[in-house]
Number of protein chains: 2
Amino acid sequence: MRLTRRQQEILDFLRTHAEHFAHPPTLDELCARLGLRSRGSLHKHVQALVAAGFLEPLDRQHRGIRLVAEEPAELGLPLLGTIAAGRPIEAVPQPEFLQVPPHLRTERPCYVLRVRGDSMCEAGILDGDYVVIEQRETARDGEIVVALVRGEEVTLKRILQQPGRTILYPENSALEAMELDPDEVQIQGVLVGQMRSYR
Amino acid sequence: MRLTRRQQEILDFLRTHAEHFAHPPTLDELCARLGLRSRGSLHKHVQALVAAGFLEPLDRQHRGIRLVAEEPAELGLPLLGTIAAGRPIEAVPQPEFLQVPPHLRTERPCYVLRVRGDSMCEAGILDGDYVVIEQRETARDGEIVVALVRGEEVTLKRILQQPGRTILYPENSALEAMELDPDEVQIQGVLVGQMRSYR
DNA sequence: GAACACGAGAACCAACAGAGAACATTGCGA
DNA sequence: TCGCAATGTTCTCTGTTGGTTCTCGTGTTC
């Protein structure tokens, strides 16, 4: 649905307002700011914005005008840093955002890491690739996971969980699998997508 | 259908206007800008542009003059079919569209293919991957291209162009390079991005 | 002269916008 | 707990804006 001039104006105002104040305005306050004298008229506009999906329905709650969560689709996913087998994740200082198409991610919270090194090259994950990780603490056998080992090093490996031991396989025949006590392995996420740019 | 002078002028104005303002103009505003005094006359031109497919029909909506189809970016890129080394591209019946983040494509026209087979597996391109191809007839040595060989088979290979011969390398040590006469190879596009979903 | 592009202007009416009243609900303070 | 003020909801009424549809007139082109 398309917004009218007034609706757009109100929406813009609400967005800037949200940046400066913790609480949404009341209808009366909004009226005053917009030069209106009728709450009823304003309410009509607000309802239109709710119908258009920009505001959450304000079910009789006071100060109930809340902006709907900004589509993460537009913002993209945060690029948290670089993952290199055997070292902690090297975080980027300013969390950058990367656009990720929906079919490379899941509905659950995800983030992006940049891959450093060739430990997964036989699985088609190369140095410089971006991997999309679903934030999750458990994995199924055979999934590729971001794992924190002994609280110090982070790697991207394929996981196999057996009673009493957890094995992390690199996909590179030059490297060896790690066999660990389940307590030593903490799963931080599961690989759900991968991207590479050749430009 | 061909546009008249006035129609072209109006369309041009609307395009520049769209770059500067969030809302389309009203008929009256447009009149003023164009030096017209009759809304009715202008309306006739607008309707002609709607009929010609340049504007969306403005069903009595205020400020409803909107340019049509500026959204190939939003729509994504067309998924044209599946590419398997040694066979023609198997076109999908209904051109599907796939969202592709900007860093995986170029400014020039691009399309997406699905990869079948393992001929490029050592370059990290696996069976089932999506590849983003920039439409282009020439390539630099070392680029991975979509090449039509002898007018019959299409492959995804790394290219090397020497005087008098063109070599197409698969990235799979089990397969052999093709050495061809330059006339036999027609480049259809160059690889600029790659995506894989693990879901 | 017929067809066409272009423009003026009037009349019409649906979309948009606002005022204000009445009512319902919530939440706070006495 | 009660009562009141604050706030959200629903109405009706009103006026304005702006898209739509006409008719008519004037050049221009083939």
# chains A, B, ... in the order shown; residues from 1 in each chain; ligands from 1

$ residues_around --residues "A:His103" --least-positions-apart "4" --cutoff "9 Å" --atoms "only C-alpha atoms (C1' of nucleotides)" --output "MDAnalysis selection string"
(chainID A and resid 193) or (chainID B and resid 98:99 196:197 199)

$ select_by_dssp --residues "stretch 87-141 of chain B" --states "strand (DSSP E)" --output "VMD selection string"
chain B and resid 90 to 98 110 to 116 130 to 135

$ interface_residues --of "chain D" --to "chain A" --cutoff "10 Å" --atoms "only C-alpha atoms (C1' of nucleotides)" --output "MDAnalysis selection string"
chainID D and resid 6:11

$ write_last_selection --atoms "N, CA, C and O atoms (P, O5', C5', C4', C3', O3' and C1' of nucleotides)" --output "short mmCIF file (atom, residue, chain, number, x, y, z; two decimals), in the first residue's frame"
data_model
loop_
_atom_site.label_atom_id
_atom_site.label_comp_id
_atom_site.auth_asym_id
_atom_site.auth_seq_id
_atom_site.Cartn_x
_atom_site.Cartn_y
_atom_site.Cartn_z
P DA D 6 -5.09 15.42 32.75
"O5'" DA D 6 -4.53 14.18 31.93
"C5'" DA D 6 -3.73 13.22 32.61
"C4'" DA D 6 -3.53 12.01 31.74
"C3'" DA D 6 -3.25 12.32 30.27
"O3'" DA D 6 -2.19 11.49 29.84
"C1'" DA D 6 -5.09 10.86 30.43
P DT D 7 -1.47 11.73 28.48
"O5'" DT D 7 -2.18 10.66 27.54
"C5'" DT D 7 -2.14 9.30 27.90
"C4'" DT D 7 -3.11 8.52 27.07
"C3'" DT D 7 -3.07 8.83 25.57
"O3'" DT D 7 -2.67 7.66 24.90
"C1'" DT D 7 -5.27 8.56 26.36
P DG D 8 -2.41 7.65 23.36
"O5'" DG D 8 -3.56 6.66 22.84
"C5'" DG D 8 -3.56 5.31 23.31
"C4'" DG D 8 -4.89 4.65 23.00
"C3'" DG D 8 -5.24 4.54 21.51
"O3'" DG D 8 -5.83 3.26 21.29
"C1'" DG D 8 -6.96 5.67 22.63
P DT D 9 -6.24 2.81 19.81
"O5'" DT D 9 -7.77 3.18 19.75
"C5'" DT D 9 -8.69 2.45 20.53
"C4'" DT D 9 -10.11 2.77 20.09
"C3'" DT D 9 -10.34 2.76 18.58
"O3'" DT D 9 -11.39 1.84 18.30
"C1'" DT D 9 -11.26 4.72 19.56
P DT D 10 -11.73 1.43 16.83
"O5'" DT D 10 -13.08 2.23 16.60
"C5'" DT D 10 -14.03 2.32 17.65
"C4'" DT D 10 -15.10 3.35 17.30
"C3'" DT D 10 -15.41 3.45 15.81
"O3'" DT D 10 -16.80 3.22 15.61
"C1'" DT D 10 -15.13 5.59 16.76
P DC D 11 -17.40 2.94 14.17
"O5'" DC D 11 -18.45 4.13 14.05
"C5'" DC D 11 -17.99 5.38 14.13
"C4'" DC D 11 -19.02 6.40 14.42
"C3'" DC D 11 -19.43 7.21 13.19
"O3'" DC D 11 -20.79 6.94 12.88
"C1'" DC D 11 -18.33 8.61 14.82
#

$ calpha_fit_rmsd --fixed "chain B" --moving "chain A"
10.4 Å

$ residues_around --residues "C:DA19" --least-positions-apart "2" --cutoff "9 Å" --atoms "only C-alpha atoms (C1' of nucleotides)" --output "PyMOL selection string"
(chain A and resi 37-38+40-41) or (chain D and resi 13-14)
